[in-house]
Structure formats: structure tokens, C-alpha cells
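Shown here: entry_1.txt, compact mmCIF, C-alpha atoms and all ligand atoms.
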# COMPACT_ATOMS: atom_id res chain seq x y z
CA MET A 25 0.00 0.00 0.00
CA THR A 26 1.13 3.55 -0.66
CA PRO A 27 3.19 4.83 2.33
CA ILE A 28 2.00 7.88 4.27
CA VAL A 29 4.18 10.74 5.47
CA VAL A 30 2.96 11.30 9.03
CA ASN A 31 3.17 14.63 10.82
CA SER A 32 3.74 13.66 14.47
CA ASN A 33 1.17 16.23 15.63
CA ALA A 34 -1.46 14.22 13.75
CA LEU A 35 -0.87 11.20 15.99
CA LYS A 36 -0.74 13.43 19.09
CA SER A 37 -4.07 15.03 18.15
CA MET A 38 -5.72 11.61 18.64
CA ASN A 39 -4.71 11.63 22.34
CA ASN A 40 -7.10 14.42 23.23
CA PHE A 41 -9.96 13.17 21.08
CA LYS A 42 -13.17 12.28 22.96
CA LEU A 43 -16.56 11.40 21.56
CA PRO A 44 -19.51 13.48 22.69
CA GLU A 45 -22.60 11.59 23.91
CA ASN A 46 -24.69 12.44 20.85
CA LEU A 47 -22.76 11.88 17.66
CA GLY A 48 -25.37 12.55 14.99
CA PHE A 49 -24.16 12.06 11.43
CA GLY A 50 -21.05 13.67 9.94
CA SER A 51 -20.49 16.41 12.48
CA VAL A 52 -17.85 14.91 14.81
CA LEU A 53 -14.57 14.52 12.88
CA THR A 54 -11.55 12.34 13.61
CA PRO A 55 -8.87 15.01 14.26
CA VAL A 56 -6.65 14.02 11.33
CA MET A 57 -6.81 14.37 7.57
CA ILE A 58 -4.90 12.56 4.86
CA TYR A 59 -4.21 14.14 1.50
CA SER A 60 -2.19 14.19 -1.67
CA ASP A 61 -1.74 16.93 -4.25
CA TYR A 62 -1.71 16.44 -8.01
CA GLN A 63 0.43 18.60 -10.24
CA ASN A 64 2.52 18.26 -13.42
CA GLY A 65 0.57 15.12 -14.27
CA GLU A 66 1.33 13.14 -11.10
CA TRP A 67 0.20 12.60 -7.55
CA GLY A 68 2.54 13.71 -4.76
CA PRO A 69 3.07 11.77 -1.49
CA LEU A 70 0.16 10.89 0.80
CA LYS A 71 0.44 13.02 3.93
CA MET A 72 -1.28 12.80 7.29
CA GLU A 73 -1.78 16.02 9.27
CA PRO A 74 -3.93 17.20 12.17
CA TYR A 75 -7.41 18.14 10.93
CA HIS A 76 -7.40 21.83 10.09
CA ASP A 77 -9.15 24.45 7.98
CA LEU A 78 -7.91 24.86 4.42
CA SER A 79 -6.72 28.12 2.99
CA ILE A 80 -8.51 28.64 -0.33
CA ASN A 81 -7.77 31.17 -3.06
CA PRO A 82 -11.07 32.84 -4.09
CA THR A 83 -10.51 31.84 -7.74
CA MET A 84 -10.00 28.14 -6.96
CA LYS A 85 -11.86 26.29 -9.73
CA VAL A 86 -13.86 24.04 -7.44
CA LEU A 87 -15.59 27.09 -5.95
CA HIS A 88 -16.83 28.29 -9.33
CA TYR A 89 -17.17 25.27 -11.58
CA ALA A 90 -17.76 22.46 -9.08
CA GLN A 91 -15.08 20.14 -10.42
CA GLU A 92 -15.31 17.84 -7.40
CA ILE A 93 -16.05 14.20 -6.57
CA PHE A 94 -16.49 12.25 -3.36
CA GLU A 95 -17.19 8.84 -1.85
CA GLY A 96 -18.89 7.52 1.26
CA MET A 97 -17.48 4.46 3.03
CA LYS A 98 -17.87 2.98 6.48
CA GLY A 99 -15.53 1.47 9.06
CA TYR A 100 -17.03 -0.99 11.56
CA LEU A 101 -15.85 -2.84 14.67
CA SER A 102 -16.05 -6.64 14.67
CA PRO A 103 -17.27 -8.36 17.87
CA GLU A 104 -13.54 -8.92 18.66
CA GLY A 105 -12.92 -5.17 18.38
CA GLU A 106 -11.11 -5.37 15.04
CA PRO A 107 -11.75 -2.52 12.56
CA LEU A 108 -13.34 -3.59 9.26
CA LEU A 109 -14.11 -1.93 5.94
CA PHE A 110 -16.93 -3.02 3.65
CA ARG A 111 -16.11 -3.64 -0.04
CA PRO A 112 -13.61 -0.74 -0.09
CA GLU A 113 -12.31 -1.61 -3.59
CA MET A 114 -15.78 -0.89 -4.95
CA ASN A 115 -15.54 2.67 -3.61
CA ALA A 116 -12.03 3.09 -5.01
CA LYS A 117 -13.24 1.99 -8.44
CA ARG A 118 -16.32 4.22 -8.31
CA PHE A 119 -14.15 7.16 -7.24
CA ASN A 120 -12.04 6.72 -10.37
CA TYR A 121 -15.17 6.33 -12.49
CA SER A 122 -16.42 9.66 -11.10
CA ALA A 123 -12.98 11.19 -11.76
CA ARG A 124 -13.17 10.19 -15.44
CA MET A 125 -16.70 11.60 -15.70
CA MET A 126 -15.55 14.93 -14.27
CA ALA A 127 -12.31 15.29 -16.29
CA MET A 128 -10.20 14.68 -13.20
CA PRO A 129 -7.14 12.43 -12.80
CA GLU A 130 -7.58 8.92 -11.45
CA ILE A 131 -5.74 7.97 -8.30
CA ALA A 132 -4.10 4.55 -7.81
CA GLU A 133 -6.53 2.29 -5.97
CA GLU A 134 -3.78 1.37 -3.52
CA THR A 135 -3.27 5.06 -2.66
CA TYR A 136 -6.99 5.58 -2.13
CA LEU A 137 -7.17 2.40 -0.03
CA SER A 138 -4.04 3.20 1.96
CA ALA A 139 -5.63 6.49 3.08
CA ALA A 140 -8.96 4.80 3.91
CA HIS A 141 -7.22 2.06 5.93
CA ALA A 142 -5.02 4.58 7.75
CA ILE A 143 -7.83 6.86 8.91
CA THR A 144 -9.94 3.87 10.00
CA HIS A 145 -7.06 2.27 11.87
CA LEU A 146 -6.26 5.53 13.58
CA SER A 147 -9.93 6.01 14.56
CA LYS A 148 -10.45 2.43 15.74
CA ASP A 149 -10.95 3.36 19.40
CA PHE A 150 -13.63 5.83 18.36
CA ILE A 151 -15.79 3.63 16.15
CA PRO A 152 -19.15 3.58 17.94
CA ARG A 153 -20.19 0.07 19.01
CA GLU A 154 -23.94 0.49 18.70
CA SER A 155 -25.15 -1.50 15.67
CA GLY A 156 -25.87 0.85 12.77
CA SER A 157 -23.37 3.43 14.04
CA SER A 158 -19.92 3.41 12.46
CA LEU A 159 -17.02 5.48 11.22
CA TYR A 160 -18.26 7.35 8.14
CA ILE A 161 -15.29 7.89 5.83
CA ARG A 162 -15.36 10.64 3.24
CA PRO A 163 -12.69 10.54 0.48
CA PHE A 164 -12.98 13.49 -1.91
CA MET A 165 -11.09 15.31 -4.64
CA PHE A 166 -11.35 18.87 -5.85
CA ALA A 167 -9.93 21.19 -8.51
CA THR A 168 -7.34 23.58 -7.13
CA ASP A 169 -6.25 25.67 -10.17
CA THR A 170 -6.63 29.35 -9.44
CA SER A 171 -8.09 31.25 -12.38
CA LEU A 172 -11.59 32.00 -13.54
CA GLY A 173 -11.24 30.42 -17.00
CA ILE A 174 -13.66 27.56 -17.53
CA LYS A 175 -11.56 24.53 -18.39
CA PRO A 176 -10.52 21.40 -16.53
CA SER A 177 -8.14 22.15 -13.70
CA GLU A 178 -4.58 20.84 -13.97
CA THR A 179 -4.05 20.62 -10.22
CA PHE A 180 -6.15 18.77 -7.67
CA ARG A 181 -6.26 17.74 -4.05
CA PHE A 182 -7.35 14.28 -2.87
CA MET A 183 -8.37 14.10 0.79
CA VAL A 184 -9.80 11.64 3.26
CA ILE A 185 -11.55 12.65 6.48
CA ALA A 186 -13.68 10.52 8.80
CA SER A 187 -16.57 10.99 11.19
CA PRO A 188 -17.72 8.63 13.97
CA SER A 189 -21.45 8.71 13.24
CA GLN A 190 -24.84 7.37 14.18
CA SER A 191 -27.30 6.20 11.55
CA TYR A 192 -28.47 8.79 9.08
CA PHE A 193 -32.20 8.63 9.90
CA LYS A 194 -33.94 7.79 13.14
CA PRO A 195 -36.09 4.65 12.58
CA GLY A 196 -39.54 5.47 11.23
CA ASP A 197 -38.39 8.88 10.09
CA LEU A 198 -38.66 8.60 6.34
CA ASN A 199 -41.44 10.18 4.31
CA VAL A 200 -40.72 10.64 0.62
CA TYR A 201 -41.89 13.47 -1.64
CA ILE A 202 -42.54 12.51 -5.27
CA GLU A 203 -40.89 15.18 -7.43
CA ARG A 204 -42.93 15.48 -10.62
CA HIS A 205 -41.41 18.75 -11.93
CA ALA A 206 -37.69 19.20 -11.29
CA VAL A 207 -35.17 16.58 -12.43
CA ARG A 208 -31.94 15.45 -10.79
CA ALA A 209 -30.05 14.22 -13.85
CA CYS A 210 -30.53 14.01 -17.62
CA PRO A 211 -29.43 11.33 -20.09
CA GLY A 212 -25.94 12.14 -21.30
CA GLY A 213 -25.19 14.09 -18.12
CA VAL A 214 -23.18 13.21 -15.01
CA GLY A 215 -25.91 11.63 -12.89
CA THR A 216 -23.89 8.43 -12.47
CA ALA A 217 -20.91 10.30 -10.98
CA LYS A 218 -20.63 10.99 -7.27
CA THR A 219 -20.05 14.68 -7.77
CA GLY A 220 -21.24 17.59 -5.64
CA GLY A 221 -23.30 19.15 -8.45
CA ASN A 222 -25.76 16.25 -8.45
CA TYR A 223 -26.36 16.77 -4.76
CA ALA A 224 -26.62 20.55 -5.20
CA ALA A 225 -29.25 19.90 -7.88
CA SER A 226 -31.34 18.06 -5.31
CA LEU A 227 -31.39 20.77 -2.65
CA LYS A 228 -34.19 23.01 -3.97
CA SER A 229 -36.50 20.02 -4.12
CA SER A 230 -35.41 18.85 -0.67
CA THR A 231 -36.54 22.21 0.74
CA LYS A 232 -39.88 21.72 -1.00
CA ALA A 233 -40.05 18.15 0.36
CA ALA A 234 -39.41 19.39 3.90
CA GLY A 235 -42.50 21.61 3.54
CA PHE A 236 -44.48 18.37 3.10
CA ASN A 237 -42.81 16.82 6.15
CA CYS A 238 -40.71 14.63 3.83
CA GLN A 239 -37.04 13.85 4.42
CA GLN A 240 -36.25 12.79 0.85
CA THR A 241 -37.23 13.48 -2.75
CA LEU A 242 -38.01 10.60 -5.09
CA TRP A 243 -36.66 11.54 -8.52
CA LEU A 244 -38.30 10.44 -11.76
CA ASP A 245 -36.69 10.11 -15.20
CA ALA A 246 -35.97 13.42 -16.91
CA ILE A 247 -37.70 12.71 -20.24
CA GLU A 248 -41.09 11.15 -19.49
CA LYS A 249 -41.24 11.81 -15.73
CA LYS A 250 -42.87 8.38 -15.37
CA TYR A 251 -40.15 6.10 -14.07
CA VAL A 252 -38.61 5.96 -10.60
CA GLU A 253 -34.89 6.76 -10.46
CA GLU A 254 -33.35 7.38 -7.03
CA MET A 255 -33.47 9.60 -3.95
CA SER A 256 -30.49 11.99 -4.25
CA GLY A 257 -28.20 10.40 -1.64
CA MET A 258 -29.64 6.88 -1.75
CA ASN A 259 -31.17 4.26 -4.06
CA PHE A 260 -34.77 3.07 -4.10
CA VAL A 261 -36.05 -0.47 -3.49
CA ALA A 262 -39.59 -1.86 -3.09
CA ILE A 263 -41.14 -5.24 -2.31
CA LYS A 264 -43.90 -6.15 -4.72
CA ASN A 265 -45.68 -9.50 -4.94
CA GLY A 266 -43.07 -10.84 -2.51
CA LYS A 267 -40.22 -9.86 -4.87
CA LEU A 268 -37.54 -7.20 -4.42
CA ILE A 269 -37.69 -4.63 -7.22
CA THR A 270 -35.36 -1.72 -7.92
CA PRO A 271 -34.91 0.59 -10.92
CA GLU A 272 -32.46 -0.80 -13.46
CA LEU A 273 -29.29 1.30 -13.66
CA THR A 274 -29.28 3.95 -16.39
CA ASP A 275 -26.94 6.84 -17.12
CA THR A 276 -28.91 8.99 -14.66
CA ILE A 277 -28.74 6.77 -11.55
CA LEU A 278 -25.79 6.42 -9.18
CA ALA A 279 -24.75 2.75 -8.92
CA GLY A 280 -24.98 2.30 -5.15
CA ILE A 281 -22.68 -0.25 -3.49
CA THR A 282 -25.35 -0.95 -0.86
CA ARG A 283 -27.85 -1.43 -3.72
CA ASP A 284 -25.49 -3.92 -5.36
CA SER A 285 -24.90 -5.73 -2.05
CA ILE A 286 -28.64 -6.03 -1.40
CA LEU A 287 -29.22 -7.49 -4.86
CA LYS A 288 -26.52 -10.06 -4.13
CA ILE A 289 -27.70 -11.07 -0.63
CA ALA A 290 -31.50 -11.02 -1.17
CA PRO A 291 -31.56 -14.45 -2.88
CA THR A 292 -29.67 -15.92 0.12
CA LEU A 293 -32.59 -14.75 2.26
CA GLY A 294 -35.07 -16.35 -0.14
CA LEU A 295 -36.07 -13.16 -1.90
CA GLU A 296 -36.19 -12.98 -5.68
CA THR A 297 -34.94 -9.74 -7.23
CA SER A 298 -35.68 -7.77 -10.36
CA GLU A 299 -34.01 -4.68 -11.84
CA SER A 300 -36.33 -3.01 -14.31
CA LYS A 301 -38.20 0.18 -15.10
CA ILE A 302 -40.67 1.05 -12.33
CA ARG A 303 -43.62 3.26 -13.31
CA ILE A 304 -44.38 5.57 -10.40
CA ASN A 305 -48.16 5.57 -10.94
CA GLU A 306 -48.30 1.79 -11.14
CA LEU A 307 -46.19 1.53 -7.98
CA LEU A 308 -48.52 3.85 -6.06
CA GLU A 309 -51.53 1.79 -7.19
CA ASP A 310 -49.69 -1.35 -6.11
CA PHE A 311 -49.30 0.07 -2.63
CA GLN A 312 -52.98 1.01 -2.53
CA SER A 313 -54.05 -2.49 -3.63
CA LYS A 314 -51.43 -4.01 -1.27
CA LYS A 315 -49.62 -5.81 -4.12
CA ALA A 316 -46.60 -3.84 -2.95
CA SER A 317 -45.85 -4.05 0.76
CA GLU A 318 -42.62 -2.19 1.46
CA ALA A 319 -40.26 0.39 0.09
CA PHE A 320 -36.93 1.49 1.43
CA ALA A 321 -33.98 3.76 0.84
CA CYS A 322 -30.54 2.16 0.70
CA GLY A 323 -27.07 3.65 0.70
CA THR A 324 -23.82 3.75 2.65
CA ALA A 325 -24.89 6.51 5.00
CA VAL A 326 -28.52 5.45 5.37
CA ILE A 327 -27.89 1.64 5.32
CA ILE A 328 -31.54 0.59 4.81
CA ALA A 329 -34.34 2.89 5.92
CA PRO A 330 -37.96 1.79 5.47
CA ILE A 331 -40.18 4.43 3.86
CA SER A 332 -43.37 5.25 5.78
CA LYS A 333 -45.27 7.10 3.06
CA PHE A 334 -45.11 8.87 -0.28
CA VAL A 335 -46.47 12.40 -0.54
CA GLU A 336 -47.60 14.21 -3.71
CA GLU A 337 -47.63 17.94 -4.38
CA ASN A 338 -51.44 17.96 -3.98
CA LYS A 339 -50.88 16.47 -0.50
CA THR A 340 -52.20 13.00 -1.44
CA GLU A 341 -50.46 10.48 0.78
CA VAL A 342 -49.78 6.82 0.03
CA PRO A 343 -48.75 4.77 3.07
CA VAL A 344 -45.95 2.37 2.27
CA SER A 345 -44.37 0.04 4.81
CA ILE A 346 -47.58 -1.79 5.54
CA SER A 347 -46.00 -4.71 7.33
CA THR A 348 -43.65 -2.45 9.33
CA GLY A 349 -40.83 -3.18 6.93
CA GLU A 350 -40.48 -6.91 7.51
CA TRP A 351 -38.15 -7.54 4.54
CA SER A 352 -36.44 -4.17 4.92
CA MET A 353 -35.48 -4.94 8.49
CA LYS A 354 -34.48 -8.53 7.69
CA ILE A 355 -32.15 -7.42 4.89
CA ARG A 356 -30.84 -4.55 7.02
CA LYS A 357 -29.98 -6.95 9.84
CA TYR A 358 -28.27 -9.41 7.48
CA LEU A 359 -26.26 -6.65 5.83
CA LEU A 360 -25.21 -5.21 9.20
CA ASP A 361 -24.30 -8.71 10.44
CA ILE A 362 -21.86 -8.94 7.52
CA GLN A 363 -20.61 -5.36 7.81
CA GLU A 364 -20.12 -5.60 11.58
CA GLY A 365 -18.35 -8.95 11.25
CA ARG A 366 -20.89 -11.18 13.01
CA ILE A 367 -21.32 -13.45 9.98
CA ASN A 368 -19.26 -14.10 6.87
CA GLY A 369 -20.57 -12.45 3.75
CA PRO A 370 -19.40 -13.19 0.23
CA GLN A 371 -15.63 -13.53 -0.20
CA GLY A 372 -13.80 -10.22 0.12
CA TRP A 373 -16.71 -8.08 1.31
CA SER A 374 -15.49 -7.53 4.87
CA VAL A 375 -11.88 -6.40 4.86
CA LYS A 376 -9.65 -6.26 7.95
CA VAL A 377 -8.14 -2.82 8.34
CA LYS A 378 -4.36 -2.58 7.97
CA LYS A 379 -2.05 -0.06 9.61
CA THR A 380 -0.72 1.73 6.55
CA TYR A 381 1.03 4.65 8.31
C1 LIG B 401 -23.49 8.04 1.22
O1 LIG B 401 -24.38 7.22 1.47
O2 LIG B 401 -22.31 7.82 1.50
C2 LIG B 401 -23.80 9.29 0.57
O3 LIG B 401 -23.02 9.76 -0.19
C3 LIG B 401 -24.99 10.01 0.99
C4 LIG B 401 -24.59 11.33 1.53
C5 LIG B 401 -25.00 12.41 0.63
C6 LIG B 401 -24.97 11.49 2.94
Mind turning the file's structure into C-alpha cells?
Amino acid sequence: MTPIVVNSNALKSMNNFKLPENLGFGSVLTPVMIYSDYQNGEWGPLKMEPYHDLSINPTMKVLHYAQEIFEGMKGYLSPEGEPLLFRPEMNAKRFNYSARMMAMPEIAEETYLSAAHAITHLSKDFIPRESGSSLYIRPFMFATDTSLGIKPSETFRFMVIASPSQSYFKPGDLNVYIERHAVRACPGGVGTAKTGGNYAASLKSSTKAAGFNCQQTLWLDAIEKKYVEEMSGMNFVAIKNGKLITPELTDTILAGITRDSILKIAPTLGLETSESKIRINELLEDFQSKKASEAFACGTAVIIAPISKFVEENKTEVPVSISTGEWSMKIRKYLLDIQEGRINGPQGWSVKVKKTY
């Protein structure tokens, strides 16, 4: 793995680190950061420093043209207290996919992974033990050229920070607003990349959703506005006629690693799966006629969160998790059992964290 140049103050900063009682999500940060700078066509050394504010030139390209990508990963503690990562190579590969989509340089997977292992290893005494809580790891990369010309940057920074976090939603907290006007991503665009602009594009609708007491927007396809896509920071899954259904991946949906994992483990639990186009109106009718019984959001941050109801702009409500999310909770438990090292998942999914610094 790529070696890391460690500033001794970074290790010292861990000595004074204490977790507050209420962690929330993404607001308590491990007091170190790991980074590498790209210039003249190559990545410099990986460095570990105490967590600190960055000094940013006002013309830095990321501030104006949003040339930026990120990932979300999680570190867990096994019952023996060993730190684990879940399918980290998948995140490294998706990071480089996003980099290509955003005209940014790829980073060697072993460099990406070395940073992810290092920050998890360093934070191992601060990974919350409560099931569903974890170390949320945020690798990201941004354009650092300083000039207002609109063209791909030639310099970049790659960084990894981490946050001991609780689950993203409190159980039973998820109402979903069906967005029938605005769109998140268009065919031929960058909807499959994990880039800030896609999340920025979701914010206006999320404010509207909040006005309907909804915590997420359900996005439909940009052309016909008929087919379910995803929910901004998470993918969409439903249970219909006892089968797990999820929208097939298109060039406007982010290929979630949790989504992929669920599709792979559902058959083990005796649940058939199908990836296809899902018509929103048909789905709502299916919930009304009880052909469909559950729907849930899935993603790294959210894990699996059962949806309570869908809400339309005219305030029509369609209740969703009729059977209190029986399958949702069963899959969630199975996934967490693998992620938290209680059972063995498929080969290579749960990876023991190495000390790479
Ligand atoms: C993740 O699940 O890691 C995400 O990226 C969602 C995030 C926007 C909270």
C-alpha cells in the first residue's frame, strides 16, 4: 500500500480526542486528515496532518465550476474489536469512475485504499459500538487551479476525512416526496458520478419536500417523468408480490454499493430480485391495492431505511411500509451482520483494516 508521510502532531491530536454523547451524522470529525496533491501530471506523497481548515484562493476552480467528486465508506468494529471496511475496492473503483466523468485524474486504488485504511485504523478506538453506528469515511477530490477560465483544472487535491457517526435517519423517520417537476439528472449528463453538483441539484427540491414533512425526494426520469430513479443520496427499493424490485441502472442513476450488495444477498434470504423500469403511478396503485408491501432507501450513510409514506404535491399520501418493513429490516440486519463482522458475507466483502502509516 502507498506509504504515508505522518506529521507527528497528527498522531498526538488523537490523544485528546473524545466522543460526545450524541454523535449525529457527519459532524464529529476524527482530528486528522490525509491528503495528496496532483500537479505536473502526477500525484505527490500521501500526507497525514492534524485536521485543520484549508486556505482557499477565491478563484479556486472548485468554488466556481464544481469540479469535485467524493465517496462515502464505512468502518465498523467486529465483535472482537477489530476494525473492518466493507467492499472498499468498490468505492475506489467508483471514485475513479467519477474522476473520469468529471475530467479529473484517477488515483491509484492502492493510494486511495491506503488512506482509507489509515484513517480507519487511527480512529479504531472511536468507532461507535452500537449496531448501525460506524465510522463514516469521506474521500474526496477537488480542482485547485486558481483562475476563472472555464476549463478542466490541472491541479487537484485528494483528501480523506472521517466521522464517527450514528445512523443517518432515526427509525420510522422517512417520508418521501414525489418530485414530478424538477429533475436530478438528464441522459448524457453526469448523474452516475458521485459529484457535488448532483447533490446541489437536489437541494431546492429537498426544501420543497421538507415543507411536506418529507425527508427525501423521489426523482423520476428526466424525459417522461414516469419512471422511478433514485433519492439523491440513496437508491430506491420496493417489495412487490413478494419480490424485491429496484430501478435498473441507467446513465442517470448512481450505482450504489449498498444497492449492489442487497441485490446479491436477497436471494440468500429467499427473496427474488428484479431490476427493471418502475412506473411511479403503477407503484402507487400497487401500494394502494397491497400488491406492494414495502419500500426502502438504501445507501452507505442510510444503510436501509424503510419508507413510511409517499407524498404528492397535492398532498395526497400513500402509506408504504404496511407490514412495518419486515423484509427491509431482515435485509438490514443481514447486511449489518456482515458489515459488523458477526457473519461471513461473500468472499472479500469484509476487509480487515491494515495499519498503513
Ligand atoms: C453516502 O451514502 O455515502 C452518501 O453519499 C450520501 C450522503 C449524501 C450522505
Checklist entry - If we count all atoms listed in the file, what is near Leu159 of chain A at a cut-off of 12 Å, once residues fewer than 6 positions away on the same chain are taken out, given as a ChimeraX atom specification? => result /A:43,47-54,96-101,107-110,140-141,143-153,185-191,324-325,363-364
Next on the checklist: Taking 4 positions as the minimum chain separation for residues in the same chain, which residues sit within 8 Å of Arg283 of chain A when counting all atoms listed in the file? Answer as a list of chain:residue names.
Outcome noted: A:Asn259, A:Ala279, A:Leu287, A:Cys322, A:Gly323
Listed atoms of ligand LIG 401 (chain B) boxed along x, y and z, 4 Å each side, centre and edge lengths in Å, one decimal, as lines of an AutoDock Vina configuration file:
center_x = -23.7
center_y = 9.8
center_z = 1.4
size_x = 10.7
size_y = 13.2
size_z = 11.1
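With distances restricted to all atoms listed in the file, A:Leu307 is the closest residue to Tyr251 of chain A from A:Ile174, A:Ala167, A:Leu307, A:Ile355.
Remark: for ligand LIG 401 (chain B), the closest of the candidate residues A:Ala127, A:Ile367, A:Ile93, A:Met353 is A:Ile93 (distances computed over all atoms listed in the file).
Taking atom CA of Trp373 of chain A as the reference point, atom CA of Ser102 of chain A is found at 13.5 Å.
Every polymer residue reaching to within 10 Å of (-7.0, 25.1, -13.3), counting all atoms listed in the file, appears in this list: Thr83, Met84, Lys85, Val86, Gln91, Ala167, Thr168, Asp169, Thr170, Ser171, Leu172, Gly173, Ile174, Lys175, Pro176, Ser177, Glu178, Thr179 and Phe180 of chain A.
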Next, write the just-selected residues to a file, as an mmCIF file, keeping the file's coordinate frame, keeping C-alpha atoms as the atom set.
data_model
loop_
_atom_site.group_PDB
_atom_site.id
_atom_site.type_symbol
_atom_site.label_atom_id
_atom_site.label_comp_id
_atom_site.auth_asym_id
_atom_site.auth_seq_id
_atom_site.Cartn_x
_atom_site.Cartn_y
_atom_site.Cartn_z
ATOM 1 C CA THR A 83 -10.510 31.840 -7.740
ATOM 2 C CA MET A 84 -10.000 28.140 -6.960
ATOM 3 C CA LYS A 85 -11.860 26.290 -9.730
ATOM 4 C CA VAL A 86 -13.860 24.040 -7.440
ATOM 5 C CA GLN A 91 -15.080 20.140 -10.420
ATOM 6 C CA ALA A 167 -9.930 21.190 -8.510
ATOM 7 C CA THR A 168 -7.340 23.580 -7.130
ATOM 8 C CA ASP A 169 -6.250 25.670 -10.170
ATOM 9 C CA THR A 170 -6.630 29.350 -9.440
ATOM 10 C CA SER A 171 -8.090 31.250 -12.380
ATOM 11 C CA LEU A 172 -11.590 32.000 -13.540
ATOM 12 C CA GLY A 173 -11.240 30.420 -17.000
ATOM 13 C CA ILE A 174 -13.660 27.560 -17.530
ATOM 14 C CA LYS A 175 -11.560 24.530 -18.390
ATOM 15 C CA PRO A 176 -10.520 21.400 -16.530
ATOM 16 C CA SER A 177 -8.140 22.150 -13.700
ATOM 17 C CA GLU A 178 -4.580 20.840 -13.970
ATOM 18 C CA THR A 179 -4.050 20.620 -10.220
ATOM 19 C CA PHE A 180 -6.150 18.770 -7.670
#
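Close to (-24.5, -9.4, 6.7), meaning no more than 10 Å away when counting all atoms listed in the file, sit the residues Ser285, Ile286, Ile289, Ile355, Arg356, Lys357, Tyr358, Leu359, Leu360, Asp361, Ile362, Gln363, Glu364, Gly365, Arg366, Ile367, Asn368, Gly369, Pro370, Trp373 and Ser374 of chain A.
The residue that comes closest to Asn237 of chain A, out of A:Ile131, A:Ile277, A:Ala262, A:Val335 and on the basis of all atoms listed in the file, is A:Val335.
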Item to check | For atom CA of Glu296 of chain A and atom CA of Lys267 of chain A, the interatomic separation in Å (one decimal) | outcome: 5.2 Å
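Nearest residue to ligand LIG 401 (chain B), choosing from A:Tyr381, A:Phe236, A:Phe164, A:Tyr201 and counting only C-alpha atoms and all ligand atoms: A:Phe164.
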Checklist entry - Using only C-alpha atoms and all ligand atoms, which residue out of A:Gln240, A:Thr297, A:Ser60, A:Gln371 lies closest to ligand LIG 401 (chain B)? => result A:Gln240
